[in-house]
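Since the structure comes first, as structure tokens, the remarks are kept for the end.
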Amino acid sequence: MIWEVFRQERKGQSFVHGGSFHAPDEAFADAYAREFYARRQESVALWVVPREEIMEIDEFPDEFDLKYRRVDGYSIKARLKEARERVGSTERARAEMPALPASERG
Amino acid sequence: MSERARLLIELADDELILGWRDSEWTGIAPFLEEDVAFSSIAQNEIGHARALYELAARDLGTDADALAFDRAPAEYRCAPLVQLRLVPDWARTIARHVLYETADAIRIAHLKESDDAELAGLAGKIEREEVYHRLHAEMWLDRLGAEERVREAVDELWPLALGILDAELRPALAERLGRPEVEAVERAAPGAEFAELWNEMTMVRRSAPVGAQW
């Protein structure tokens with residue numbers, strides 16, 4: 001039986017998927033989850049769920065291209081961070097680029 | 001040797017040797033998850049041994065490494081139960097695990113009540129990890145306890161389990177496990193099986209140049 005583990009690093013934070021393991025029942029799952037995801041105080045809480053109890057949805061019809069309805073604003077913080085990192089890495093790359101020889105400069 | 005040092009050495013030797021024996025399962029436990037969990041328990045036991053040796057070493061004017069590795073095999077005070085090499089018999093390993101953790105719980109609880117604040121404090125720290133060792137032992141007993149091989153192993157090891165505890169604590173173990181108090185296999189100078197383990201355990205230490213620092 002496979003169990004999925006979601007771990008919380010600090011109080012108040014979202015639980016994030018950490019991985020999975022085999023265990024024959026709840027008692028074993030409890031012991032192994034503690035062992036693999038919390039032994040070194042790396043988590044403050046765990047959600048341990050039998051994989052088969054998770055409802056997975058992965059097919060979404062999009063016949064009329066409704067992307068324009070997306071409420072992307074909700075995840076703005078993460079997107080901003082991503083954008084900043086992207087810009088940062090482009091700037092770094094530009095700074096590290098060797099100067100072009102004079103003949104090739106536009 | 002003071003009564004306190006005797007107690008500490010016995011306890012530390014039990015934890016060190018059990019840690020070594022349990023760690024013999026590393027890499028070959030019944031399945032991967034258990035391999036990690038059981039190895040981690042073994043490591044905890046060795047950590048407890050270290051803390052206990054450190055206390056004893058201060059009383060005896062030596063250090064933890066010297067107590068763990070520099071004594072002659074005949075000077076070790078570990079109980080016969082922890083000395084047995086049980087690989088590759090998982091049934092007997094679980095039987096020993098259950099018996100040892102139950103006996104150890106009684107011993108640690110007793111130490112927590114000690115007037116010796118240092119000893120009581122260390123017992124409290126050890127107990128916080130031992131709780132999980134007991135849960136681990138119990139879940140395996142729930143799973144395998146009805147198997148003939150495990151039942152036979154518990155019967156076989158029971159007199160050795162009593163030998164973990166000082167005589168006055170043995171009735172509590174018998175009561176907790178619902179077993180008759182039989183004649184215990186007492187601590188004695190360790191035998192040939194232990195000498196082999198000692199050889200392996202102290203090999204690196206003995207081959208190190210004098211004054212080497214780890």
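Going through the structure tokens in order, the chains are called A, B, and so on, while each chain numbers its residues from 1 and the ligands are numbered from 1 in the order shown.
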
Notebook entry, point to check: Can you list, as a ChimeraX atom specification, every protein, DNA or RNA residue that comes within 8 Å of stretch 140-149 of chain B when you count only C-alpha atoms, leaving out same-chain residues fewer than 2 positions away?
Noted result: /B:91-92,94-95,98,136-138,151-153

Please determine the contact residues of chain A with respect to chain B at a cut-off of 7 Å, counting only C-alpha atoms, and supply them as a PDB file with C-alpha atoms, in the first residue's frame.
ATOM      1  CA  HIS A  22       5.128   1.728   1.152  1.00  0.00           C
ATOM      2  CA  ALA A  27       0.593   2.197  12.331  1.00  0.00           C
ATOM      3  CA  PHE A  28       3.469   1.488   9.952  1.00  0.00           C
ATOM      4  CA  ALA A  31       6.191   5.277  12.042  1.00  0.00           C
ATOM      5  CA  TYR A  32       7.721   5.578   8.586  1.00  0.00           C
ATOM      6  CA  GLU A  35      11.140   8.556  10.240  1.00  0.00           C
TER       7      GLU A  35
END

inquiry  = Quick one: residues within 8 Å of stretch 189-194 of chain B, only C-alpha atoms, excluding same-chain residues fewer than 5 positions away - as a ChimeraX atom specification?
reply    = /B:73-78,80,83-85

For A:Ala33, find every residue with an atom within 8 Å (counting only C-alpha atoms), except residues of its own chain fewer than 3 positions away, and show them as an MDAnalysis selection string. chainID A and resid 5 29:30 36:38 46 48

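Of the residues under consideration (B:Met203, B:Pro171, B:Thr62, B:Gln43), B:Gln43 shows the shortest atom-to-atom contact distance to B:Trp25 when counting only C-alpha atoms.
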